[in-house]
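In what follows, a single structure is set out as structure tokens and then discussed.
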Amino acid sequence: MDSVRANAERTGSEPADEVRADGVRVDGVRVEGEQADGGPAGPRRAEGVRVRLMREDDLPSAERASGITFLEGDRSTRRVGEPEPEPRSPAASVQWIDRMRHFLTVDPAGCWVAVEGDEEVVGFAISQNRDRLWYLATYGVLPGRQGSGIGKRLMDAVLAHADGRQGIFSSTVHPAATRRYRTAGFSLHPQMRMVGTVDRATLPATAAVAGLDEGHDGDLEWMDRLDQDLRGAGHGPDHLLLLGTQRLVVSRANGRRGYVYIDDRGRAVLLAAAHPETAQHLLWEALASAKGRTLVNCVTIANEWAVDVGLAARLDLGQEGYIAVRGMEPPAPYLASGHFL
């Protein structure tokens, strides 16, 4: 299934995830389809399935597999009172392919697929190395092929690509997936998400968030240094992709630097700051931009500053999955991106 259920790739506009009416992300903030191989053994074993590096011509087939996998995952985990999950929209499918093409271009050795027959994709695992950090962007196996070892083969491939680096990704609560991650040395830190409509009467006066400016490519150098301080590596080329698709708001004050990417629905896609107060100002800016129901996700215990802002804005707080880390602590002050971590 794909990540935090308030889900916009549902986890996404991360470059474009969609959000359901209840705020549940439709395709992206966590690892999509981590339930792979987690259910009962399927009717077939994995004979005839090959695990290999992804090619660009695999992208359409991989997107179809992703859409099916995460839709089924959303349906199976739908909570009472939540609307019926809907298939990924054509626009979100295009955005998924564009995002995966970016990963395939930047670090192709981290992108793997499982194929059968006429090279039809039945599973996928997309990871990336950035300096000394490894992250898992998305991972899934078609529902009918789970339980046959395909997911384990894919995970073995991307973990080998990590080559001992510290690692991070957003995870669901699926039992088989979490066992696999823990066995691989990842610590699982519960994460929260907040959804709802911002009570605009709670928004701080303009003076309270003074010092924020629109960002540009001239900010990326110090943003990468801030990333290194918080998560051990800069986002590097991922910043360039995000800058081309999201609004960037920054604080350039010495000792109080920070940034937030905000999508076209006014949702914080990725936020990093040197000080919790700066992080709160940036999150308030995102909430002030919100259009209709909004989502704040990937909130760990280390980032209670975000909980304070969300509750003050009258958003509803819930628990959703884990941030999985290896060789590092959950970054703070920081709100991870489901795909770019």
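Residue numbering restarts at 1 for every chain of the structure tokens, chains are lettered A, B, ... in their displayed order, and ligands are numbered from 1 as they appear.
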- Test item, strand (DSSP E) assignment across stretch 268-320 of chain A, answer as a VMD selection string: chain A and resid 268 to 273 293 to 300 316 to 320
- Message: Env of stretch 209-213 of chain A: 8 Å cut, atoms = only C-alpha atoms, seq-sep filter 6 positions within chain, self excluded. Answer as a PyMOL selection string.
- Response: chain A and resi 249-253+281-282+284-285
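Of the residues listed (A:Asp217, A:Glu63, A:Glu47, A:Glu84), A:Glu47 shows the shortest atom-to-atom separation from A:Gly149; distances use only C-alpha atoms.
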Kindly provide the residues of stretch 82-187 of chain A that approach stretch 287-306 of chain A to within 12 Å, each paired with its closest atom pair and their distance in Å to one decimal, based on only C-alpha atoms, listed by chain and increasing number, as JSON lines.
{"residue": "A:Ile168", "atom": "CA", "partner": "A:Cys298", "partner_atom": "CA", "distance": 11.9}
{"residue": "A:Phe169", "atom": "CA", "partner": "A:Cys298", "partner_atom": "CA", "distance": 10.0}
{"residue": "A:Ser170", "atom": "CA", "partner": "A:Cys298", "partner_atom": "CA", "distance": 7.4}
{"residue": "A:Ser171", "atom": "CA", "partner": "A:Cys298", "partner_atom": "CA", "distance": 9.8}
{"residue": "A:Thr172", "atom": "CA", "partner": "A:Cys298", "partner_atom": "CA", "distance": 11.2}
- Query: Which polymer residues have any atom within 12 Å of an atom of A:Trp112, counting only C-alpha atoms, with same-chain residues fewer than 3 positions away left out, as an MDAnalysis selection string?
  - Reply: chainID A and resid 50:56 58:59 62 100 103:104 107:109 115 121:128 136:141 150:151 153:161
- Message: Neighbouring residues of A:Thr202 were defined as those with any atom within 12 Å, considering only C-alpha atoms; residues of the same chain fewer than 6 positions away were excluded. Please report them as a VMD selection string.
- Response: chain A and resid 284 287 to 288 309 to 315
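If you measure from each of A:Ala46, A:Leu188, A:Leu203, A:Leu243 to A:Val325 using only C-alpha atoms, the closest one turns out to be A:Leu188.
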- Interatomic distance between atom CA of A:Leu220 and atom CA of A:Leu240?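 Answer for the atom CA of A:Leu220 to atom CA of A:Leu240 separation: 8.3 Å.
Of note, atom CA of A:Leu283 and atom CA of A:Met192 are spaced 15.3 Å apart.
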Please build the interface table for stretch 102-216 of chain A against stretch 254-277 of chain A with a cut-off of 12 Å, listing for each qualifying residue the nearest atom pair and the distance in Å to one decimal; count only C-alpha atoms, order rows by chain and increasing number, and write it as CSV.
residue,atom,partner,partner_atom,distance
A:Arg193,CA,A:Ala268,CA,11.9
A:Met194,CA,A:Arg267,CA,11.2
A:Val195,CA,A:Arg267,CA,10.5
A:Gly196,CA,A:Arg267,CA,11.5
A:Thr197,CA,A:Gly266,CA,11.4
A:Val198,CA,A:Gly266,CA,10.9
A:Ala208,CA,A:Glu277,CA,10.6
A:Val209,CA,A:Glu277,CA,9.9
A:Gly211,CA,A:Arg256,CA,9.7
A:Leu212,CA,A:Tyr259,CA,8.9
A:Asp213,CA,A:Tyr259,CA,9.5
A:Glu214,CA,A:Tyr259,CA,9.5
A:Gly215,CA,A:Tyr259,CA,8.1
A:His216,CA,A:Tyr259,CA,10.8
- Using only C-alpha atoms, the residue out of A:Pro331, A:Pro60, A:Gly110, A:Pro143 with shortest distance to A:Gly73 is A:Pro143
- Query: Out of A:Arg247, A:Gly236, A:Cys111, A:Lys152, which residue has the shortest atom-to-atom distance to A:Tyr181 when counting only C-alpha atoms?
  - Reply: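 Going through A:Arg247, A:Gly236, A:Cys111, A:Lys152 one by one, the smallest distance to A:Tyr181 is for A:Lys152.
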- Measure the distance from atom CA of A:Glu221 to atom CA of A:Asp98 in Å and round it to one decimal.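 These two atoms are separated by 24.3 Å.
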- Message: I'd like to know which residues of stretch 29-275 of chain A are helix (DSSP H, G or I) (by DSSP, run on the backbone); could you write them as JSON, numbers by chain?
- Response: {"A": [56, 57, 58, 59, 60, 61, 62, 63, 64, 65, 66, 67, 68, 69, 70, 71, 72, 73, 74, 75, 76, 90, 91, 92, 93, 94, 95, 96, 97, 98, 99, 100, 101, 102, 103, 104, 105, 106, 108, 109, 110, 143, 144, 145, 150, 151, 152, 153, 154, 155, 156, 157, 158, 159, 160, 161, 162, 175, 176, 177, 178, 179, 180, 181, 182, 183, 200, 201, 202, 206, 207, 208, 209, 217, 218, 219, 220, 221, 222, 223, 224, 225, 226, 227, 228, 229, 230, 231, 237, 238, 239, 240, 241, 242, 243, 244, 245]}
- Can you pull out every residue within 8 Å of A:Arg75, counting only C-alpha atoms, but drop anything in the same chain fewer than 3 positions away, and send it as a ChimeraX atom specification? /A:71-72,78,84-85
Mind dumping the selected residues with all heavy atoms as an mmCIF file, in the first residue's frame?
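Writing the result to part.cif gives the following:
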data_model
loop_
_atom_site.group_PDB
_atom_site.id
_atom_site.type_symbol
_atom_site.label_atom_id
_atom_site.label_comp_id
_atom_site.auth_asym_id
_atom_site.auth_seq_id
_atom_site.Cartn_x
_atom_site.Cartn_y
_atom_site.Cartn_z
ATOM 1 N N LEU A 71 -4.228 0.543 -4.211
ATOM 2 C CA LEU A 71 -5.680 0.607 -4.103
ATOM 3 C C LEU A 71 -6.196 -0.564 -3.268
ATOM 4 O O LEU A 71 -7.034 -0.395 -2.385
ATOM 5 C CB LEU A 71 -6.320 0.597 -5.490
ATOM 6 C CG LEU A 71 -7.853 0.644 -5.506
ATOM 7 C CD1 LEU A 71 -8.372 1.919 -4.849
ATOM 8 C CD2 LEU A 71 -8.367 0.540 -6.947
ATOM 9 N N GLU A 72 -5.677 -1.760 -3.540
ATOM 10 C CA GLU A 72 -6.080 -2.933 -2.757
ATOM 11 C C GLU A 72 -5.672 -2.775 -1.291
ATOM 12 O O GLU A 72 -6.418 -3.127 -0.379
ATOM 13 C CB GLU A 72 -5.431 -4.185 -3.337
ATOM 14 C CG GLU A 72 -5.750 -5.472 -2.571
ATOM 15 C CD GLU A 72 -7.223 -5.823 -2.583
ATOM 16 O OE1 GLU A 72 -7.935 -5.377 -3.513
ATOM 17 O OE2 GLU A 72 -7.669 -6.527 -1.652
ATOM 18 N N ARG A 78 -9.086 0.174 5.120
ATOM 19 C CA ARG A 78 -10.000 1.311 5.280
ATOM 20 C C ARG A 78 -10.669 1.253 6.654
ATOM 21 O O ARG A 78 -11.167 0.218 7.086
ATOM 22 C CB ARG A 78 -11.058 1.292 4.185
ATOM 23 C CG ARG A 78 -12.020 2.482 4.228
ATOM 24 C CD ARG A 78 -12.872 2.515 2.978
ATOM 25 N NE ARG A 78 -13.792 1.390 2.932
ATOM 26 C CZ ARG A 78 -15.069 1.439 3.324
ATOM 27 N NH1 ARG A 78 -15.558 2.564 3.812
ATOM 28 N NH2 ARG A 78 -15.842 0.385 3.225
ATOM 29 N N GLU A 84 -14.851 5.057 0.472
ATOM 30 C CA GLU A 84 -14.246 3.978 -0.307
ATOM 31 C C GLU A 84 -13.073 4.534 -1.108
ATOM 32 O O GLU A 84 -13.200 5.544 -1.808
ATOM 33 C CB GLU A 84 -15.283 3.397 -1.261
ATOM 34 C CG GLU A 84 -14.777 2.250 -2.135
ATOM 35 C CD GLU A 84 -14.467 0.999 -1.341
ATOM 36 O OE1 GLU A 84 -14.989 0.852 -0.215
ATOM 37 O OE2 GLU A 84 -13.701 0.162 -1.857
ATOM 38 N N PRO A 85 -11.888 3.906 -1.011
ATOM 39 C CA PRO A 85 -10.739 4.385 -1.791
ATOM 40 C C PRO A 85 -11.025 4.360 -3.286
ATOM 41 O O PRO A 85 -11.738 3.475 -3.781
ATOM 42 C CB PRO A 85 -9.627 3.389 -1.422
ATOM 43 C CG PRO A 85 -10.036 2.851 -0.095
ATOM 44 C CD PRO A 85 -11.536 2.774 -0.139
#
